[in-house]
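Reproduced below: structure-v5.tsv, with TSV, C-alpha atoms.
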chain	number	residue	atom	x	y	z
A	1	MET	CA	-26.44	13.28	24.81
A	2	THR	CA	-29.01	15.34	22.93
A	3	ASP	CA	-31.14	13.48	20.45
A	4	ILE	CA	-31.97	16.37	18.14
A	5	ALA	CA	-33.13	15.14	14.73
A	6	VAL	CA	-30.85	16.48	12.00
A	7	PRO	CA	-31.93	15.89	8.38
A	8	THR	CA	-29.45	14.21	6.07
A	9	HIS	CA	-29.73	13.98	2.28
A	10	GLU	CA	-29.55	10.30	1.47
A	11	PRO	CA	-30.41	9.80	-2.22
A	12	LYS	CA	-33.52	7.76	-2.98
A	13	PRO	CA	-33.77	5.11	-5.76
A	14	GLY	CA	-33.52	6.80	-9.14
A	15	GLU	CA	-31.88	9.93	-7.72
A	16	HIS	CA	-28.28	10.92	-8.52
A	17	GLY	CA	-25.86	9.18	-6.15
A	18	TRP	CA	-28.18	6.32	-5.22
A	19	THR	CA	-26.64	2.83	-5.32
A	20	GLN	CA	-28.00	-0.63	-4.60
A	21	THR	CA	-25.32	-1.33	-1.98
A	22	GLY	CA	-25.57	2.04	-0.23
A	23	VAL	CA	-21.90	2.76	-0.94
A	24	SER	CA	-20.22	4.58	-3.80
A	25	ASN	CA	-19.90	2.35	-6.89
A	26	GLU	CA	-16.57	3.98	-7.84
A	27	LYS	CA	-15.06	3.27	-4.42
A	28	LEU	CA	-16.42	-0.27	-4.36
A	29	GLY	CA	-14.99	-0.78	-7.85
A	30	MET	CA	-11.54	0.31	-6.63
A	31	TRP	CA	-11.74	-2.08	-3.65
A	32	VAL	CA	-12.72	-4.99	-5.96
A	33	PHE	CA	-9.77	-4.07	-8.22
A	34	LEU	CA	-7.42	-4.00	-5.21
A	35	GLY	CA	-8.77	-7.39	-4.07
A	36	SER	CA	-7.88	-8.81	-7.50
A	37	GLU	CA	-4.44	-7.15	-7.33
A	38	CYS	CA	-3.75	-9.22	-4.18
A	39	LEU	CA	-3.89	-12.30	-6.42
A	40	LEU	CA	-1.56	-10.73	-9.01
A	41	PHE	CA	1.11	-9.76	-6.48
A	42	GLY	CA	0.56	-13.00	-4.51
A	43	GLY	CA	1.42	-14.89	-7.69
A	44	LEU	CA	4.53	-12.81	-8.36
A	45	ILE	CA	5.82	-13.10	-4.76
A	46	SER	CA	5.17	-16.88	-4.77
A	47	THR	CA	7.03	-17.24	-8.07
A	48	TYR	CA	10.02	-15.41	-6.58
A	49	LEU	CA	9.98	-17.66	-3.48
A	50	LEU	CA	9.75	-20.69	-5.75
A	51	TYR	CA	12.76	-19.71	-7.85
A	52	LYS	CA	15.02	-17.75	-5.48
A	53	ASN	CA	17.23	-20.76	-4.65
A	54	THR	CA	17.13	-22.53	-8.01
A	55	ALA	CA	19.70	-20.51	-9.97
A	56	VAL	CA	22.40	-22.62	-11.63
A	57	LYS	CA	24.56	-19.75	-12.94
A	58	GLY	CA	25.29	-16.08	-12.32
A	59	PRO	CA	24.69	-13.95	-9.23
A	60	VAL	CA	21.31	-14.24	-7.48
A	61	PRO	CA	19.40	-11.22	-6.13
A	62	HIS	CA	20.07	-11.80	-2.41
A	63	GLN	CA	23.86	-11.70	-3.02
A	64	LEU	CA	23.54	-8.17	-4.43
A	65	TYR	CA	20.98	-6.48	-2.17
A	66	ASP	CA	21.96	-3.14	-0.68
A	67	ILE	CA	19.72	-3.23	2.40
A	68	PRO	CA	20.51	0.30	3.73
A	69	PHE	CA	19.64	1.77	0.31
A	70	THR	CA	16.40	-0.26	0.00
A	71	SER	CA	15.47	0.65	3.60
A	72	VAL	CA	15.65	4.34	2.69
A	73	SER	CA	13.50	3.69	-0.43
A	74	SER	CA	10.96	1.85	1.73
A	75	PHE	CA	10.89	4.72	4.20
A	76	VAL	CA	10.31	7.20	1.34
A	77	LEU	CA	7.35	5.16	0.04
A	78	LEU	CA	5.88	4.84	3.56
A	79	MET	CA	6.06	8.61	4.02
A	80	SER	CA	4.35	9.11	0.65
A	81	SER	CA	1.34	7.28	2.09
A	82	MET	CA	1.22	9.83	4.89
A	83	THR	CA	1.41	12.80	2.48
A	84	MET	CA	-1.33	11.19	0.34
A	85	VAL	CA	-3.73	10.95	3.27
A	86	LEU	CA	-2.85	14.54	4.27
A	87	ALA	CA	-3.79	15.68	0.72
A	88	LEU	CA	-7.22	14.08	1.12
A	89	SER	CA	-7.64	15.57	4.58
A	90	ALA	CA	-6.75	19.06	3.25
A	91	LEU	CA	-9.30	18.80	0.41
A	92	GLN	CA	-12.01	17.67	2.84
A	93	ARG	CA	-11.27	20.90	4.80
A	94	ASP	CA	-11.54	22.88	1.51
A	95	ASP	CA	-7.84	23.80	1.75
A	96	HIS	CA	-6.94	23.50	-1.94
A	97	GLN	CA	-3.47	25.01	-1.73
A	98	ARG	CA	-2.34	22.51	0.90
A	99	CYS	CA	-4.04	19.67	-1.00
A	100	ARG	CA	-1.98	20.53	-4.11
A	101	LEU	CA	1.19	20.77	-2.01
A	102	TRP	CA	0.67	17.29	-0.52
A	103	LEU	CA	-0.27	15.81	-3.91
A	104	VAL	CA	2.97	17.09	-5.48
A	105	THR	CA	4.96	15.94	-2.43
A	106	THR	CA	3.45	12.44	-2.78
A	107	ALA	CA	4.30	12.35	-6.49
A	108	LEU	CA	7.87	13.50	-5.77
A	109	LEU	CA	8.34	10.85	-3.08
A	110	GLY	CA	7.01	8.25	-5.53
A	111	ALA	CA	9.43	9.52	-8.19
A	112	THR	CA	12.29	9.27	-5.66
A	113	PHE	CA	11.33	5.64	-5.01
A	114	ILE	CA	11.26	4.89	-8.76
A	115	SER	CA	14.66	6.59	-9.22
A	116	GLY	CA	16.03	4.34	-6.47
A	117	GLN	CA	14.62	1.29	-8.24
A	118	VAL	CA	16.20	2.34	-11.56
A	119	TYR	CA	19.55	2.82	-9.77
A	120	GLU	CA	19.20	-0.60	-8.09
A	121	PHE	CA	18.36	-2.36	-11.37
A	122	THR	CA	21.26	-0.62	-13.14
A	123	SER	CA	23.77	-1.62	-10.45
A	124	PHE	CA	22.48	-5.24	-10.49
A	125	VAL	CA	22.93	-5.42	-14.28
A	126	LYS	CA	26.48	-4.02	-13.92
A	127	GLU	CA	27.18	-6.77	-11.36
A	128	GLY	CA	26.19	-9.34	-14.00
A	129	MET	CA	22.58	-10.09	-13.02
A	130	GLY	CA	20.42	-9.42	-16.08
A	131	TYR	CA	16.75	-10.30	-16.59
A	132	THR	CA	17.57	-13.66	-18.21
A	133	THR	CA	20.70	-14.54	-16.20
A	134	ASN	CA	18.81	-17.11	-14.12
A	135	THR	CA	15.28	-17.94	-12.93
A	136	ALA	CA	15.78	-16.08	-9.63
A	137	SER	CA	16.75	-12.85	-11.42
A	138	SER	CA	13.79	-13.15	-13.84
A	139	ALA	CA	11.38	-13.63	-10.92
A	140	PHE	CA	12.97	-10.73	-9.00
A	141	TYR	CA	12.86	-8.23	-11.90
A	142	THR	CA	9.29	-9.25	-12.82
A	143	LEU	CA	8.03	-8.78	-9.25
A	144	THR	CA	9.78	-5.50	-8.46
A	145	GLY	CA	9.30	-4.23	-12.03
A	146	PHE	CA	5.52	-4.80	-11.85
A	147	HIS	CA	5.48	-2.92	-8.55
A	148	GLY	CA	7.49	-0.09	-10.11
A	149	VAL	CA	5.00	0.16	-12.99
A	150	HIS	CA	2.18	0.45	-10.43
A	151	VAL	CA	4.03	3.27	-8.63
A	152	SER	CA	4.64	5.04	-11.97
A	153	LEU	CA	0.92	4.81	-12.86
A	154	GLY	CA	0.14	6.21	-9.41
A	155	ILE	CA	2.42	9.20	-10.09
A	156	VAL	CA	0.51	9.86	-13.36
A	157	MET	CA	-2.80	9.76	-11.42
A	158	LEU	CA	-1.43	12.13	-8.75
A	159	MET	CA	-0.24	14.64	-11.35
A	160	SER	CA	-3.65	14.41	-13.07
A	161	LEU	CA	-5.31	15.27	-9.75
A	162	PHE	CA	-2.87	18.16	-9.32
A	163	MET	CA	-3.76	19.52	-12.78
A	164	MET	CA	-7.49	19.09	-12.08
A	165	SER	CA	-7.08	21.02	-8.83
A	166	LEU	CA	-5.14	23.81	-10.58
A	167	ARG	CA	-7.97	24.18	-13.12
A	168	GLY	CA	-10.56	24.30	-10.32
A	169	ARG	CA	-12.06	20.96	-11.29
A	170	LEU	CA	-11.42	19.30	-7.92
A	171	PRO	CA	-13.87	20.88	-5.46
A	172	LYS	CA	-14.38	19.62	-1.92
A	173	GLU	CA	-17.53	17.78	-3.08
A	174	ARG	CA	-15.38	15.60	-5.37
A	175	SER	CA	-12.92	14.58	-2.64
A	176	GLU	CA	-13.87	10.96	-3.26
A	177	VAL	CA	-11.76	11.09	-6.46
A	178	VAL	CA	-8.68	11.85	-4.32
A	179	GLU	CA	-9.73	9.15	-1.85
A	180	ILE	CA	-9.97	6.53	-4.64
A	181	VAL	CA	-6.53	7.44	-6.07
A	182	GLY	CA	-5.29	7.40	-2.45
A	183	LEU	CA	-6.58	3.83	-2.01
A	184	TYR	CA	-4.54	2.76	-5.04
A	185	TRP	CA	-1.46	4.57	-3.72
A	186	HIS	CA	-1.74	3.03	-0.23
A	187	PHE	CA	-2.18	-0.41	-1.80
A	188	VAL	CA	1.06	0.05	-3.74
A	189	ASP	CA	2.65	0.94	-0.39
A	190	VAL	CA	1.33	-2.16	1.43
A	191	VAL	CA	2.54	-4.37	-1.42
A	192	TRP	CA	6.03	-2.89	-0.94
A	193	ILE	CA	5.77	-3.59	2.81
A	194	LEU	CA	5.34	-7.27	1.88
A	195	ILE	CA	8.09	-7.25	-0.78
A	196	PHE	CA	10.58	-5.49	1.50
A	197	THR	CA	10.19	-8.11	4.23
A	198	VAL	CA	9.64	-11.29	2.20
A	199	VAL	CA	12.07	-10.59	-0.66
A	200	TYR	CA	14.77	-8.38	0.88
A	201	LEU	CA	14.93	-9.04	4.65
A	202	ILE	CA	14.07	-12.73	5.07
A	203	PRO	CA	17.27	-14.65	4.29
B	1	MET	CA	-35.18	11.79	3.87
B	2	SER	CA	-33.69	9.83	6.78
B	3	MET	CA	-33.03	11.38	10.17
B	4	MET	CA	-29.87	11.19	12.32
B	5	THR	CA	-29.42	12.13	15.94
B	6	ALA	CA	-26.98	14.95	16.74
B	7	HIS	CA	-24.75	12.35	18.38
B	8	GLU	CA	-24.64	10.26	15.18
B	9	VAL	CA	-23.85	13.30	13.03
B	10	ASP	CA	-21.03	14.24	15.43
B	11	GLU	CA	-19.73	10.68	15.40
B	12	GLU	CA	-19.68	10.59	11.57
B	13	ARG	CA	-17.89	13.95	11.41
B	14	HIS	CA	-15.13	12.68	13.71
B	15	SER	CA	-14.90	9.18	12.30
B	16	HIS	CA	-11.67	9.78	10.31
B	17	PRO	CA	-8.37	10.43	12.12
B	18	SER	CA	-6.98	13.95	12.41
B	19	ASP	CA	-3.77	15.10	10.65
B	20	ALA	CA	-1.85	14.73	13.93
B	21	GLN	CA	-3.06	11.12	14.21
B	22	TYR	CA	-1.97	10.40	10.62
B	23	ILE	CA	1.50	11.77	11.42
B	24	ALA	CA	1.63	9.67	14.60
B	25	ILE	CA	0.76	6.53	12.59
B	26	ALA	CA	3.49	7.37	10.04
B	27	ALA	CA	5.96	7.72	12.94
B	28	ILE	CA	4.94	4.28	14.26
B	29	LEU	CA	5.43	2.84	10.76
B	30	ALA	CA	8.91	4.40	10.58
B	31	VAL	CA	9.84	2.93	13.98
B	32	ILE	CA	8.65	-0.56	12.94
B	33	THR	CA	10.66	-0.28	9.69
B	34	ALA	CA	13.76	0.67	11.71
B	35	ALA	CA	13.15	-2.36	13.97
B	36	GLU	CA	12.84	-4.63	10.92
B	37	VAL	CA	16.12	-3.40	9.46
B	38	SER	CA	17.78	-3.77	12.89
B	39	VAL	CA	16.70	-7.42	13.10
B	40	TYR	CA	18.30	-8.01	9.70
B	41	TYR	CA	21.42	-5.93	10.28
B	42	ILE	CA	22.40	-6.61	13.88
B	43	ASN	CA	21.80	-10.32	13.23
B	44	PHE	CA	19.83	-10.29	16.44
B	45	PHE	CA	18.88	-13.97	16.25
B	46	LYS	CA	22.37	-15.34	15.44
B	47	ASP	CA	21.47	-16.66	11.96
B	48	SER	CA	18.42	-18.53	13.21
B	49	PHE	CA	16.09	-18.54	10.19
B	50	ILE	CA	12.99	-19.45	12.20
B	51	ALA	CA	13.60	-16.75	14.85
B	52	THR	CA	14.29	-14.09	12.20
B	53	VAL	CA	11.13	-14.96	10.29
B	54	ALA	CA	9.12	-15.09	13.54
B	55	ALA	CA	10.31	-11.56	14.35
B	56	LEU	CA	9.91	-10.04	10.87
B	57	ILE	CA	6.49	-11.43	9.85
B	58	PRO	CA	4.52	-9.91	12.80
B	59	MET	CA	6.17	-6.52	12.15
B	60	MET	CA	5.25	-6.76	8.46
B	61	ILE	CA	1.64	-7.65	9.35
B	62	ALA	CA	1.49	-4.76	11.84
B	63	LYS	CA	2.64	-2.27	9.17
B	64	PHE	CA	0.20	-3.70	6.63
B	65	ALA	CA	-2.68	-3.51	9.13
B	66	LEU	CA	-1.86	0.09	10.19
B	67	VAL	CA	-1.81	1.36	6.59
B	68	ALA	CA	-5.00	-0.55	5.65
B	69	ALA	CA	-6.91	0.40	8.82
B	70	PHE	CA	-5.98	4.08	9.11
B	71	PHE	CA	-4.61	5.41	5.79
B	72	MET	CA	-7.06	3.34	3.68
B	73	HIS	CA	-9.84	4.04	6.26
B	74	LEU	CA	-10.89	0.38	6.43
B	75	ARG	CA	-11.42	0.76	10.18
B	76	PHE	CA	-13.92	3.57	9.67
B	77	ASP	CA	-15.52	2.86	6.28
B	78	ASN	CA	-18.36	0.56	5.28
B	79	LYS	CA	-17.79	-3.10	6.21
B	80	LEU	CA	-18.42	-4.13	2.59
B	81	PHE	CA	-15.02	-2.67	1.56
B	82	ARG	CA	-13.28	-4.63	4.31
B	83	ALA	CA	-15.05	-7.83	3.20
B	84	VAL	CA	-14.06	-7.33	-0.46
B	85	PHE	CA	-10.40	-6.62	0.34
B	86	LEU	CA	-10.10	-9.43	2.90
B	87	THR	CA	-11.62	-11.87	0.40
B	88	GLY	CA	-8.82	-10.99	-2.06
B	89	ILE	CA	-6.12	-11.35	0.61
B	90	ILE	CA	-7.44	-14.65	2.04
B	91	LEU	CA	-7.91	-16.11	-1.45
B	92	ALA	CA	-4.37	-15.08	-2.48
B	93	VAL	CA	-2.74	-16.41	0.72
B	94	THR	CA	-4.64	-19.72	0.55
B	95	VAL	CA	-4.02	-20.34	-3.15
B	96	TYR	CA	-0.31	-19.49	-3.05
B	97	MET	CA	0.39	-21.34	0.21
B	98	VAL	CA	-1.03	-24.44	-1.45
B	99	VAL	CA	1.19	-23.80	-4.49
B	100	LEU	CA	4.33	-23.29	-2.35
B	101	PHE	CA	3.65	-26.39	-0.25
B	102	THR	CA	2.99	-28.39	-3.43
B	103	PHE	CA	6.39	-27.38	-4.79
B	104	HIS	CA	8.07	-28.10	-1.41
B	105	VAL	CA	9.34	-24.53	-1.04
B	106	PHE	CA	9.15	-24.86	2.77
B	107	ALA	CA	10.65	-28.36	2.79
B	108	HIS	CA	14.24	-27.28	3.47
Is it possible to give me this structure as structure tokens?
Amino acid sequence: MTDIAVPTHEPKPGEHGWTQTGVSNEKLGMWVFLGSECLLFGGLISTYLLYKNTAVKGPVPHQLYDIPFTSVSSFVLLMSSMTMVLALSALQRDDHQRCRLWLVTTALLGATFISGQVYEFTSFVKEGMGYTTNTASSAFYTLTGFHGVHVSLGIVMLMSLFMMSLRGRLPKERSEVVEIVGLYWHFVDVVWILIFTVVYLIP
Amino acid sequence: MSMMTAHEVDEERHSHPSDAQYIAIAAILAVITAAEVSVYYINFFKDSFIATVAALIPMMIAKFALVAAFFMHLRFDNKLFRAVFLTGIILAVTVYMVVLFTFHVFAH
């Protein structure tokens, strides 16, 4: 191993990019936000577990689940996490064309997932399970609906990044912006990993 | 200006996984998902609730950990991020387990 001294450009106090913690404030802010989101989704999942067997009338969610369909949706969202990380990797290599391709692919996979959720909700309503049919259905729609809103916001962020890249406002030096949006997107994915197992698969 | 050894610079450059490694992790995630669905569908544990949960929860945790460690770079990034995220998770799990036990959700 050669110990050749290579200079690095760590910002000093007062310089642009310097932070008290030594890490990017924007990235730390996103992690703090994601930490707080754990409490939001924890509350929603707990509420569903609390109410899933308390319905006195109407069909309950677990009587209507279409597991093969939801499995495909879950697979689509998992793959969108892969395409998201490939978009970041491409930008870090200064490959803007491929970065844009992966960003659009991620947004399309997210849109596919949302379409699946709309189809699922529509079919549940046709089967007689509306939002106010019983406590279990209210808890189910609130949990999965909140997740769907998060995915939709993620799609808006991805398309914003795509537009920024098209206008040349997303250089390699600003790859942290893609990384921060990616953190949000991966979080939405891990929340679905929990929902898929706890809500759909566990009897 | 701080100084780094060539070894440290090289280590930092290669700290994140390659594209091939990301694809391999996605393949592992897909396989675990298929295993989860199989447990549900084949009724592998003959309607045993405890056995089904005991099989599904570790697979769910494995998927969660893979995405957080590799796709979210928690394994490679500053430990402060890991601490912040784990604090949120531990707080949420503790608070809501207390709530669920209080309401006897696991009683039956």
For this session: Would you mind listing what lies within 7 Å of region 123-133 of chain A as a VMD selection string, with all atoms listed in the file counted and same-chain residues fewer than 6 positions away left out?
Result: chain A and resid 58 to 59 64 141
Taking 3 positions as the minimum chain separation for residues in the same chain, which residues sit within 10 Å of His62 (chain A) when counting only C-alpha atoms? Answer as a PDB file with C-alpha atoms, keeping the file's coordinate frame.
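This went into out.pdb:
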ATOM      1  CA  LYS A  52      15.020 -17.750  -5.480  1.00  0.00           C
ATOM      2  CA  ASN A  53      17.230 -20.760  -4.650  1.00  0.00           C
ATOM      3  CA  PRO A  59      24.690 -13.950  -9.230  1.00  0.00           C
ATOM      4  CA  TYR A  65      20.980  -6.480  -2.170  1.00  0.00           C
ATOM      5  CA  ASP A  66      21.960  -3.140  -0.680  1.00  0.00           C
ATOM      6  CA  ILE A  67      19.720  -3.230   2.400  1.00  0.00           C
ATOM      7  CA  ALA A 136      15.780 -16.080  -9.630  1.00  0.00           C
ATOM      8  CA  SER A 137      16.750 -12.850 -11.420  1.00  0.00           C
ATOM      9  CA  PHE A 140      12.970 -10.730  -9.000  1.00  0.00           C
ATOM     10  CA  VAL A 199      12.070 -10.590  -0.660  1.00  0.00           C
ATOM     11  CA  TYR A 200      14.770  -8.380   0.880  1.00  0.00           C
ATOM     12  CA  LEU A 201      14.930  -9.040   4.650  1.00  0.00           C
ATOM     13  CA  ILE A 202      14.070 -12.730   5.070  1.00  0.00           C
ATOM     14  CA  PRO A 203      17.270 -14.650   4.290  1.00  0.00           C
TER      15      PRO A 203
END
For this session: For CA of Met60 (chain B) and CA of Thr106 (chain A), determine how far apart the two atoms are, in Å to one decimal place.
Result: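 Result for CA of Met60 (chain B) versus CA of Thr106 (chain A): 22.3 Å, one decimal.
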Exercise. Which residue, B:Ala69, B:Leu74, B:Leu56, B:Ile28, has the smallest gap to chain A when you use all atoms listed in the file?
Worked result: B:Leu56
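Between CA of Val31 (chain B) and CA of Phe71 (chain B) lies a distance of 16.8 Å.
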For this session: Take CA of Met159 (chain A) and CA of Ala107 (chain A) and report the distance between them in Å, one decimal.
Result: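 Distance between the two atoms: 7.0 Å.
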Exercise. With distances taken over only C-alpha atoms, which of A:Ala139, A:Val76, A:Ala87, A:Leu34 is nearest to Pro61 (chain A)?
Worked result: A:Ala139
Problem set entry | Residue list as a ChimeraX atom specification for point (20.2, -7.6, 11.0), cut-off 12 Å, all atoms listed in the file | /A:67-68,200-203 /B:34-49,51-53,55-56
